[in-house]
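Dumped input_16.cif below, it's mmCIF, C-alpha atoms:
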data_structure
#
loop_
_atom_site.label_atom_id
_atom_site.label_comp_id
_atom_site.auth_asym_id
_atom_site.auth_seq_id
_atom_site.Cartn_x
_atom_site.Cartn_y
_atom_site.Cartn_z
CA MET A 1 -32.13 11.35 -13.63
CA SER A 2 -34.66 10.04 -16.01
CA THR A 3 -34.49 6.30 -15.54
CA VAL A 4 -34.58 3.87 -12.65
CA GLU A 5 -31.10 2.59 -13.61
CA GLU A 6 -29.61 6.04 -13.48
CA ALA A 7 -31.24 6.84 -10.17
CA SER A 8 -29.99 3.56 -8.77
CA ALA A 9 -26.45 4.20 -10.05
CA ALA A 10 -26.48 7.63 -8.45
CA MET A 11 -27.59 6.14 -5.14
CA GLU A 12 -24.81 3.56 -5.28
CA ALA A 13 -22.35 6.34 -6.05
CA LYS A 14 -23.60 8.31 -3.10
CA ALA A 15 -23.22 5.35 -0.76
CA ALA A 16 -19.65 4.73 -1.97
CA SER A 17 -18.88 8.41 -1.62
CA ASP A 18 -20.22 8.47 1.93
CA ASP A 19 -17.96 5.51 2.76
CA LEU A 20 -14.94 7.35 1.39
CA ALA A 21 -15.88 10.49 3.30
CA ALA A 22 -16.04 8.45 6.52
CA LEU A 23 -12.64 6.93 5.75
CA LEU A 24 -11.18 10.37 5.08
CA GLY A 25 -12.51 11.50 8.44
CA ARG A 26 -10.64 8.66 10.15
CA VAL A 27 -7.51 9.38 8.10
CA ALA A 28 -7.71 12.98 9.30
CA ALA A 29 -7.42 11.52 12.81
CA HIS A 30 -4.36 9.60 11.56
CA ASP A 31 -5.88 6.13 11.64
CA PRO A 32 -3.45 3.90 9.69
CA ALA A 33 -6.00 1.13 9.09
CA ALA A 34 -8.44 3.60 7.57
CA PHE A 35 -5.65 4.94 5.39
CA ALA A 36 -4.82 1.45 4.12
CA THR A 37 -8.47 0.85 3.28
CA LEU A 38 -8.70 4.22 1.58
CA TYR A 39 -5.61 3.41 -0.47
CA ARG A 40 -6.92 0.01 -1.49
CA SER A 41 -10.24 1.37 -2.64
CA THR A 42 -8.95 4.40 -4.55
CA HIS A 43 -5.39 3.78 -5.76
CA ALA A 44 -6.30 2.43 -9.19
CA ILE A 45 -8.44 5.48 -9.95
CA LEU A 46 -5.76 7.87 -8.74
CA TYR A 47 -3.10 5.97 -10.65
CA GLY A 48 -5.36 6.24 -13.69
CA VAL A 49 -5.44 10.00 -13.14
CA VAL A 50 -1.68 10.51 -12.88
CA ALA A 51 -0.58 7.88 -15.41
CA ARG A 52 -2.60 9.46 -18.21
CA ILE A 53 -0.88 12.77 -17.61
CA LEU A 54 2.66 11.57 -16.94
CA THR A 55 2.71 8.48 -19.19
CA ARG A 56 5.99 7.30 -17.61
CA GLY A 57 5.62 4.55 -15.05
CA ASP A 58 8.33 5.78 -12.69
CA ALA A 59 7.01 9.34 -12.66
CA SER A 60 3.46 8.09 -12.20
CA GLY A 61 4.43 5.91 -9.24
CA GLU A 62 6.25 8.84 -7.67
CA ALA A 63 3.30 11.17 -8.16
CA LEU A 64 0.94 8.59 -6.71
CA GLN A 65 3.05 8.21 -3.59
CA GLU A 66 3.35 11.95 -3.13
CA ALA A 67 -0.37 12.35 -3.59
CA TYR A 68 -1.21 9.84 -0.86
CA VAL A 69 1.28 11.42 1.54
CA ARG A 70 -0.52 14.71 0.98
CA ILE A 71 -3.91 13.06 1.38
CA TRP A 72 -2.76 11.75 4.76
CA GLN A 73 -1.52 15.19 5.76
CA LYS A 74 -4.49 17.18 4.42
CA ALA A 75 -7.42 14.83 5.05
CA GLY A 76 -8.75 17.21 7.67
CA GLU A 77 -9.21 19.88 5.00
CA PHE A 78 -11.68 17.81 2.99
CA ASP A 79 -15.04 19.55 2.91
CA PRO A 80 -17.94 17.35 1.76
CA ALA A 81 -19.97 20.45 0.94
CA LYS A 82 -17.54 21.33 -1.82
CA GLY A 83 -17.20 18.05 -3.65
CA SER A 84 -16.88 14.31 -3.49
CA PRO A 85 -14.06 12.61 -1.58
CA LEU A 86 -12.81 10.98 -4.77
CA GLY A 87 -12.86 14.32 -6.60
CA TRP A 88 -10.90 15.91 -3.76
CA MET A 89 -8.30 13.15 -3.77
CA ALA A 90 -8.06 13.13 -7.54
CA THR A 91 -7.49 16.89 -7.56
CA ILE A 92 -4.50 16.42 -5.26
CA ALA A 93 -3.13 13.66 -7.49
CA ARG A 94 -3.77 15.65 -10.66
CA ASN A 95 -2.01 18.71 -9.30
CA ARG A 96 1.01 16.60 -8.42
CA ALA A 97 1.08 15.15 -11.92
CA LEU A 98 0.59 18.55 -13.55
CA ASP A 99 3.33 20.14 -11.43
CA GLU A 100 5.65 17.38 -12.52
CA VAL A 101 4.79 17.42 -16.20
CA ARG A 102 5.10 21.20 -16.36
CA ARG A 103 8.20 21.32 -14.22
CA VAL A 104 10.44 19.18 -16.35
CA ARG A 105 9.53 20.78 -19.65
CA PRO A 106 6.51 21.00 -21.82
CA LYS A 107 5.65 17.39 -22.45
CA SER A 108 5.86 16.45 -26.04
CA LEU A 109 2.97 14.52 -27.47
CA GLU A 110 5.42 12.60 -29.57
CA GLU A 111 6.59 10.90 -26.39
CA MET A 112 3.23 9.27 -25.91
CA PRO A 113 3.87 5.54 -26.12
CA GLU A 114 2.18 3.65 -28.89
CA GLY A 115 -1.05 2.09 -27.89
CA PHE A 116 -1.45 4.36 -24.90
CA GLU A 117 -4.84 5.65 -25.79
CA PRO A 118 -6.99 5.65 -22.71
CA ALA A 119 -10.66 5.81 -23.36
CA ALA A 120 -11.32 8.52 -20.83
CA GLU A 121 -11.33 11.51 -23.15
CA THR A 122 -13.72 9.78 -25.46
CA VAL A 123 -16.31 9.85 -22.69
CA ASP A 124 -19.57 10.63 -24.38
CA PRO A 125 -21.27 13.10 -22.10
CA LEU A 126 -24.65 12.34 -23.58
CA ALA A 127 -24.46 8.58 -23.23
CA GLY A 128 -22.32 8.24 -20.13
CA ARG A 129 -23.75 6.48 -17.14
CA ALA A 130 -23.95 9.04 -14.41
CA ARG A 131 -22.06 8.00 -11.31
CA SER A 132 -23.06 10.94 -9.20
CA GLU A 133 -25.31 13.93 -9.48
CA ARG A 134 -22.34 16.28 -9.75
CA LEU A 135 -20.84 14.25 -12.56
CA ALA A 136 -24.20 14.00 -14.31
CA ALA A 137 -24.58 17.78 -14.15
CA LEU A 138 -21.05 18.40 -15.41
CA LEU A 139 -21.41 15.90 -18.25
CA ALA A 140 -24.71 17.46 -19.28
CA CYS A 141 -23.03 20.87 -19.43
CA LEU A 142 -20.08 19.45 -21.35
CA GLY A 143 -22.61 18.05 -23.78
CA ASN A 144 -23.63 21.59 -24.65
CA LEU A 145 -20.14 22.41 -25.93
CA GLU A 146 -19.21 21.86 -29.56
CA ALA A 147 -17.45 18.55 -30.10
CA ASP A 148 -13.95 20.00 -30.67
CA LYS A 149 -14.18 22.26 -27.67
CA ARG A 150 -15.47 19.46 -25.46
CA GLU A 151 -12.61 17.23 -26.58
CA ALA A 152 -10.12 20.01 -25.79
CA VAL A 153 -11.44 20.30 -22.23
CA LEU A 154 -11.37 16.54 -21.74
CA LEU A 155 -7.87 16.18 -23.19
CA ALA A 156 -6.69 18.88 -20.82
CA TYR A 157 -8.39 17.29 -17.83
CA TYR A 158 -7.54 13.68 -18.43
CA ARG A 159 -4.26 13.90 -20.31
CA GLY A 160 -2.80 17.16 -19.02
CA PHE A 161 -2.59 18.79 -22.45
CA SER A 162 -1.32 22.36 -22.23
CA ARG A 163 -2.56 25.11 -24.53
CA ASP A 164 0.39 24.48 -26.84
CA ALA A 165 -0.25 20.75 -26.90
CA LEU A 166 -3.90 21.38 -27.71
CA ALA A 167 -2.85 23.79 -30.46
CA ARG A 168 -0.76 21.05 -32.06
CA ARG A 169 -3.51 18.50 -31.63
CA PHE A 170 -6.15 20.65 -33.27
CA GLY A 171 -3.87 22.40 -35.77
CA ALA A 172 -4.96 25.77 -34.42
CA PRO A 173 -2.99 28.75 -33.11
CA THR A 174 -2.44 28.80 -29.36
CA ALA A 175 -4.39 32.06 -29.17
CA THR A 176 -7.38 30.32 -30.69
CA ILE A 177 -7.13 27.52 -28.16
CA LYS A 178 -7.02 30.08 -25.38
CA THR A 179 -10.20 31.63 -26.72
CA TRP A 180 -11.85 28.20 -26.94
CA LEU A 181 -10.91 27.39 -23.39
CA ARG A 182 -12.08 30.70 -22.08
CA ARG A 183 -15.47 30.41 -23.75
CA SER A 184 -15.86 26.76 -22.83
CA LEU A 185 -14.98 27.26 -19.18
CA MET A 186 -17.22 30.28 -18.78
CA GLN A 187 -20.04 28.43 -20.55
CA LEU A 188 -19.53 25.46 -18.22
CA ARG A 189 -19.73 27.60 -15.14
CA GLU A 190 -22.83 29.36 -16.34
CA CYS A 191 -24.43 26.02 -17.12
CA LEU A 192 -23.48 24.49 -13.76
CA GLU A 193 -24.87 27.46 -11.88
CA SER A 194 -28.13 27.59 -13.79
CA MET B 195 -17.05 38.41 -8.78
CA THR B 196 -14.36 40.46 -7.11
CA LEU B 197 -11.53 38.96 -9.12
CA ALA B 198 -10.54 40.55 -12.36
CA SER B 199 -11.95 38.33 -15.07
CA ASP B 200 -8.48 37.59 -16.42
CA ASP B 201 -7.54 36.24 -13.02
CA ASP B 202 -10.68 34.15 -12.89
CA PHE B 203 -9.85 32.68 -16.28
CA ALA B 204 -6.29 32.04 -15.15
CA ALA B 205 -7.71 30.25 -12.10
CA ALA B 206 -9.92 28.16 -14.37
CA GLU B 207 -7.00 27.26 -16.61
CA PHE B 208 -4.87 26.44 -13.58
CA ALA B 209 -7.53 24.00 -12.43
CA LEU B 210 -7.98 22.56 -15.90
CA GLY B 211 -4.20 22.26 -16.22
CA THR B 212 -3.65 24.05 -19.51
CA LEU B 213 -1.21 26.72 -18.29
CA GLU B 214 2.35 26.45 -19.52
CA ALA B 215 5.08 25.93 -16.92
CA GLY B 216 5.94 29.56 -16.20
CA GLU B 217 2.35 30.71 -15.88
CA ARG B 218 1.56 27.76 -13.65
CA ALA B 219 4.51 28.55 -11.39
CA SER B 220 3.57 32.20 -11.29
CA LEU B 221 -0.01 31.45 -10.33
CA ALA B 222 1.09 28.88 -7.76
CA ALA B 223 3.14 31.64 -6.15
CA ARG B 224 0.37 34.22 -6.29
CA ARG B 225 -2.33 32.00 -4.84
CA LEU B 226 -0.40 31.77 -1.59
CA ARG B 227 -0.49 35.52 -1.17
CA GLU B 228 -3.90 36.19 -2.73
CA PRO B 229 -6.77 34.47 -0.92
CA GLU B 230 -9.32 35.44 -3.57
CA LEU B 231 -7.26 33.87 -6.31
CA ASP B 232 -6.75 30.77 -4.19
CA ALA B 233 -10.48 30.52 -3.59
CA ALA B 234 -11.16 30.91 -7.31
CA ILE B 235 -8.75 28.07 -8.11
CA ARG B 236 -10.36 25.84 -5.51
CA ALA B 237 -13.81 26.62 -6.84
CA TRP B 238 -12.74 25.66 -10.35
CA GLU B 239 -11.07 22.51 -9.10
CA ALA B 240 -14.31 21.56 -7.38
CA ARG B 241 -16.35 22.27 -10.52
CA LEU B 242 -14.18 20.02 -12.67
CA SER B 243 -13.38 17.32 -10.12
CA PRO B 244 -16.43 15.13 -10.83
CA LEU B 245 -14.68 14.21 -14.08
CA ALA B 246 -12.20 12.26 -11.99
CA GLU B 247 -15.02 9.85 -11.09
CA ALA B 248 -15.22 8.89 -14.75
CA THR B 249 -11.52 8.05 -14.88
CA ALA B 250 -10.94 4.47 -15.93
CA PRO B 251 -8.79 2.83 -13.26
CA ILE B 252 -5.30 1.60 -14.05
CA ALA B 253 -3.62 -0.86 -11.70
CA PRO B 254 -0.24 0.53 -10.57
CA PRO B 255 2.77 -1.67 -11.40
CA ASP B 256 3.65 -2.02 -7.72
CA ASP B 257 1.99 -1.97 -4.35
CA PHE B 258 3.01 1.50 -3.24
CA LEU B 259 1.26 1.39 0.13
CA PRO B 260 4.31 0.30 2.18
CA ALA B 261 6.44 3.01 0.55
CA ILE B 262 3.77 5.62 1.20
CA GLU B 263 3.47 4.56 4.83
CA ALA B 264 7.25 4.79 5.17
CA ARG B 265 7.21 8.32 3.75
CA ILE B 266 4.46 9.31 6.16
CA ARG B 267 6.46 7.95 9.09
CA ALA B 268 9.59 9.75 7.88
CA ALA B 269 7.69 13.01 7.50
CA ALA B 270 6.19 12.65 10.98
CA ALA B 271 9.63 12.01 12.47
CA ARG B 272 10.93 15.33 11.24
CA PRO B 273 10.33 18.21 13.63
CA ASP B 274 9.19 20.42 10.78
CA PRO B 275 7.51 17.99 8.43
CA ASP B 276 7.04 20.36 5.55
CA GLY B 277 10.34 22.13 6.02
CA VAL B 278 8.45 25.32 5.41
CA ALA B 279 9.49 27.24 8.47
CA THR B 280 13.10 26.27 7.97
CA LEU B 281 13.01 27.31 4.36
CA GLN B 282 11.37 30.59 5.16
CA ARG B 283 14.07 31.37 7.70
CA ARG B 284 16.77 30.50 5.18
CA LEU B 285 15.03 32.55 2.53
CA ALA B 286 14.83 35.54 4.80
CA LEU B 287 18.56 35.33 5.39
CA TRP B 288 19.27 34.92 1.71
CA ARG B 289 17.05 37.76 0.79
CA ALA B 290 18.73 40.02 3.29
CA ALA B 291 22.10 38.98 1.92
CA ALA B 292 21.04 39.59 -1.64
CA ILE B 293 19.66 43.00 -0.85
CA GLY B 294 22.75 43.91 1.09
CA ALA B 295 25.11 42.67 -1.57
CA THR B 296 23.51 44.20 -4.59
CA GLY B 297 21.26 46.97 -3.41
CA ILE B 298 18.49 45.46 -5.46
CA ALA B 299 15.52 43.92 -3.74
CA ALA B 300 15.61 40.29 -4.70
CA ALA B 301 12.19 39.51 -3.40
CA LEU B 302 11.89 35.80 -3.68
CA ALA B 303 8.46 34.35 -3.86
CA ILE B 304 8.49 32.72 -0.50
CA GLY B 305 5.05 31.25 -0.90
CA PHE B 306 5.92 29.43 -4.07
CA VAL B 307 9.10 28.07 -2.65
CA ALA B 308 7.44 26.99 0.55
CA ARG B 309 4.83 25.15 -1.46
CA GLU B 310 7.51 23.53 -3.54
CA ALA B 311 9.24 22.43 -0.39
CA THR B 312 6.23 20.49 0.74
CA ARG B 313 6.69 18.19 -2.20
CA VAL B 314 8.70 15.06 -1.83
CA VAL B 315 10.79 15.26 -4.96
CA ALA B 316 13.89 13.64 -6.31
CA PRO B 317 16.89 15.05 -4.48
CA LYS B 318 19.36 17.50 -5.96
CA GLU B 319 16.65 19.63 -7.44
CA PHE B 320 16.73 23.38 -6.96
CA VAL B 321 14.58 26.22 -8.06
CA ALA B 322 15.13 29.94 -8.19
CA ILE B 323 12.65 32.63 -8.99
CA LEU B 324 14.39 35.52 -10.64
CA GLN B 325 12.52 38.73 -10.27
CA LYS B 326 12.67 42.42 -9.59
CA SER B 327 11.14 43.92 -6.51
CA GLY B 328 7.72 43.56 -8.11
CA ASP B 329 5.26 40.80 -7.52
CA SER B 330 5.64 38.75 -10.65
CA PRO B 331 8.49 36.37 -11.24
CA ALA B 332 10.26 37.04 -14.50
CA PHE B 333 12.06 33.72 -14.84
CA VAL B 334 11.83 30.41 -13.11
CA ALA B 335 15.15 28.60 -13.04
CA THR B 336 15.36 24.93 -12.24
CA ILE B 337 18.65 23.20 -11.61
CA ASN B 338 19.17 19.50 -11.38
CA LEU B 339 22.63 18.99 -9.94
CA ALA B 340 22.70 15.26 -10.53
CA LYS B 341 22.11 15.74 -14.22
CA GLY B 342 23.98 19.03 -14.48
CA GLU B 343 20.88 20.46 -16.09
CA LEU B 344 19.81 24.05 -15.93
CA SER B 345 16.57 25.26 -17.38
CA VAL B 346 15.27 28.79 -17.28
CA ARG B 347 11.77 29.63 -18.30
CA PRO B 348 10.68 33.18 -18.99
CA VAL B 349 7.41 34.00 -17.26
CA ALA B 350 6.84 37.66 -17.96
CA ALA B 351 9.92 39.36 -19.31
CA PRO B 352 9.25 41.16 -22.57
CA LEU B 353 12.48 42.07 -24.30
CA GLN B 354 13.07 44.80 -26.84
CA ALA B 355 14.22 43.83 -30.30
CA GLY B 356 17.93 43.48 -30.78
CA LYS B 357 18.57 42.54 -27.16
CA SER B 358 19.15 39.27 -25.37
CA TYR B 359 18.77 38.16 -21.80
CA GLU B 360 21.92 36.61 -20.38
CA LEU B 361 22.10 34.52 -17.23
CA TRP B 362 25.00 34.93 -14.79
CA ILE B 363 26.25 33.11 -11.76
CA ILE B 364 27.60 35.38 -9.01
CA GLU B 365 29.50 33.96 -6.08
CA PRO B 366 32.41 35.46 -4.11
CA THR B 367 34.92 32.70 -4.82
CA LEU B 368 34.36 33.07 -8.56
CA GLY B 369 35.39 36.71 -8.61
CA ALA B 370 33.57 38.32 -11.52
CA PRO B 371 30.11 37.18 -12.61
CA ARG B 372 30.31 34.29 -15.03
CA SER B 373 27.96 33.77 -17.90
CA LEU B 374 25.70 30.71 -17.95
CA GLY B 375 24.42 31.52 -21.39
CA ILE B 376 21.73 33.34 -23.27
CA ILE B 377 18.14 32.75 -22.28
CA ASP B 378 16.44 31.71 -25.43
CA ALA B 379 13.17 33.53 -25.93
CA ALA B 380 11.66 30.30 -27.20
CA ALA B 381 11.42 28.75 -23.77
CA VAL B 382 14.25 27.02 -22.10
CA THR B 383 17.95 27.40 -21.72
CA ARG B 384 19.71 24.31 -20.71
CA GLY B 385 23.32 23.40 -20.84
CA ALA B 386 26.16 21.72 -19.08
CA ARG B 387 27.83 24.97 -18.18
CA LEU B 388 27.06 24.36 -14.55
CA ALA B 389 29.02 21.14 -14.65
CA GLY B 390 32.27 22.99 -14.08
CA TYR B 391 31.19 24.49 -10.77
CA ASP B 392 31.36 23.00 -7.31
CA ARG B 393 28.08 22.04 -5.80
CA ALA B 394 28.58 24.44 -2.90
CA VAL B 395 29.19 27.30 -5.31
CA VAL B 396 26.10 26.46 -7.35
CA GLU B 397 23.99 26.26 -4.21
CA ASP B 398 25.23 29.49 -2.66
CA ALA B 399 25.44 31.62 -5.75
CA THR B 400 23.16 34.46 -6.73
CA TYR B 401 21.73 34.12 -10.21
CA ALA B 402 21.27 37.26 -12.20
CA VAL B 403 19.91 38.25 -15.57
CA THR B 404 21.18 41.21 -17.57
CA VAL B 405 20.04 42.79 -20.80
CA GLU B 406 22.75 42.41 -23.41
CA PRO B 407 23.17 43.10 -27.09
CA GLU B 408 21.62 40.39 -29.19
CA GLY B 409 23.64 37.20 -28.85
CA GLY B 410 25.07 38.08 -25.47
CA SER B 411 27.68 40.23 -23.84
CA PRO B 412 30.45 41.02 -26.33
CA ASP B 413 33.25 40.87 -23.77
CA GLY B 414 32.01 38.17 -21.40
CA LYS B 415 31.13 40.67 -18.68
CA PRO B 416 27.70 41.98 -17.78
CA SER B 417 27.06 45.18 -19.72
CA GLY B 418 24.90 46.64 -16.98
CA PRO B 419 23.32 45.93 -13.61
CA PRO B 420 21.15 42.84 -13.21
CA VAL B 421 17.52 43.38 -14.09
CA PHE B 422 16.37 40.22 -12.32
CA LEU B 423 17.99 38.07 -9.72
CA GLY B 424 17.41 35.42 -7.12
CA LYS B 425 18.89 32.60 -5.07
CA LEU B 426 18.41 28.89 -5.35
CA VAL B 427 16.25 27.00 -2.96
CA ALA B 428 16.47 23.26 -2.54
CA VAL B 429 13.18 21.60 -3.23
CA GLU B 430 14.25 18.34 -1.71
CA PRO B 431 12.80 17.77 1.73
#

Take the structure I supplied and represent it as structure tokens, if you would.
Amino acid sequence: MSTVEEASAAMEAKAASDDLAALLGRVAAHDPAAFATLYRSTHAILYGVVARILTRGDASGEALQEAYVRIWQKAGEFDPAKGSPLGWMATIARNRALDEVRRVRPKSLEEMPEGFEPAAETVDPLAGRARSERLAALLACLGNLEADKREAVLLAYYRGFSRDALARRFGAPTATIKTWLRRSLMQLRECLES
Amino acid sequence: MTLASDDDFAAAEFALGTLEAGERASLAARRLREPELDAAIRAWEARLSPLAEATAPIAPPDDFLPAIEARIRAAAARPDPDGVATLQRRLALWRAAAIGATGIAAALAIGFVAREATRVVAPKEFVAILQKSGDSPAFVATINLAKGELSVRPVAAPLQAGKSYELWIIEPTLGAPRSLGIIDAAAVTRGARLAGYDRAVVEDATYAVTVEPEGGSPDGKPSGPPVFLGKLVAVEP
């Protein structure tokens, strides 16, 4: 955090995160009103997560519903020491979307509708406004990766690209992509733990 | 780090989402039996999850809250909301039957199936994990009865040159095993060959894989004993 704006943004993020954590606590006790509030304040983000991976509206709606059912059932397992409430919820939604996209068959990039080019994977780790300290740290570490390798990680995270899909995207053999991913992920962990 | 580094990398790729279908299914099964692997996956998920905060929101086309609340109520009304215990009991019976019938341990990956069962998925979807007595699934078969679709994905089943894997359906009322086709090494076998079978037969059958000469059994019968087999499990709630 080098500027007042960034510090302020991080504080806002922390306040919002604390609110979500409190809501999750009430959801764990099966409070329907808290669940409705939680849904209202997070559904567009979670839909953004699943829709970028699944690209089909019906599948995305299904995954979103399944994710919130699981959030209701598992809210008691959320551990604030291990991550943000939004990150925890998004992980559940992402896993639902990834299970679906891998279950049917390897999703072909050619099926991506025209004009469906979300901006998420073009996140510039060096210029991005930090929304939380964890995100700031992760983006800083991503910034240390070479551009291609960073894009591969972001395409995988935000769009659900498999190794094969990444290989097609970058015109590289799948084995090369695997090597990229391995190095990138290990480098990220080392950076995050330093 | 107590995990083998390959496993740690697999956990990282699971969390990142880059594993192909078979590897993902295999790891999903293993994590339920291997706490260290599960912990490694969770740790990687936590490391990467801040990225979700940077996701640009998209407004869903509908208000799904009422539907979600209805699903929650429906799940709560069931005595066994996840269906896990029921499935495990059914699996145990099936496994016993398969072992008794064939003499080969058809050890289904109960964990994987139980996890699958917790999902609320479109009905008429079934999955079978075809494996030997070992730990790793060799094929993951998915059957969609409504669409008459069958897909089989190899997970870890190296095949010697000049041979083919052939998939069979085995069920008492059918008499001899019947071929469902060759499993293409490329990835997926799908076909309408299941369309001719009754739903009850498809659901109750044992699915087996044999090693055949390239292109499949020359006489329409299995050339040898099954090398992998398993039963279907409904993944609808």

For this session: Step by step, work through what the PyMOL selection byres ((chain B) within 9 of (chain A)) selects in the shown file, and finish by giving those residues as a PyMOL selection string.
Result: chain B and resi 203+206-207+209-216+218-219+237-256+258-259+261-263+265-266+269+312-315+336+345+382

Seminar exercise, completed: The distance between atom CA of Thr176 of chain A and atom CA of Gly143 of chain A is 20.7 Å

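Straight-line separation from atom CA of Tyr359 of chain B to atom CA of Asp201 of chain B: 27.8 Å.
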
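The residue set within 10 Å of Ala21 of chain A, counting only C-alpha atoms and dropping same-chain residues fewer than 4 places from it, reads A:Ala15, A:Ala16, A:Ser17, A:Gly25, A:Arg26, A:Val27, A:Leu38, A:Ala75, A:Phe78, A:Asp79, A:Pro80, A:Ser84, A:Pro85, A:Leu86.
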
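Interatomic distance, atom CA of Ala394 of chain B against atom CA of Ala332 of chain B: 25.1 Å.
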
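Here the question is which of B:Ala355, B:Ala340, B:Ala402, B:Leu221 gets nearest to Arg372 of chain B using all atoms listed in the file, and that residue is B:Ala402.
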
For this session: Run through the PyMOL selection byres ((chain B and resi 395) around 12) on the given coordinates and return the selected residues as a PyMOL selection string.
Result: chain B and resi 339+363-369+388-394+396-401+425-426

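Candidate residues A:Leu23, A:Ser194, A:Arg56, A:Lys149 were compared for distance to Thr179 of chain A, and the nearest is A:Lys149, using only C-alpha atoms.
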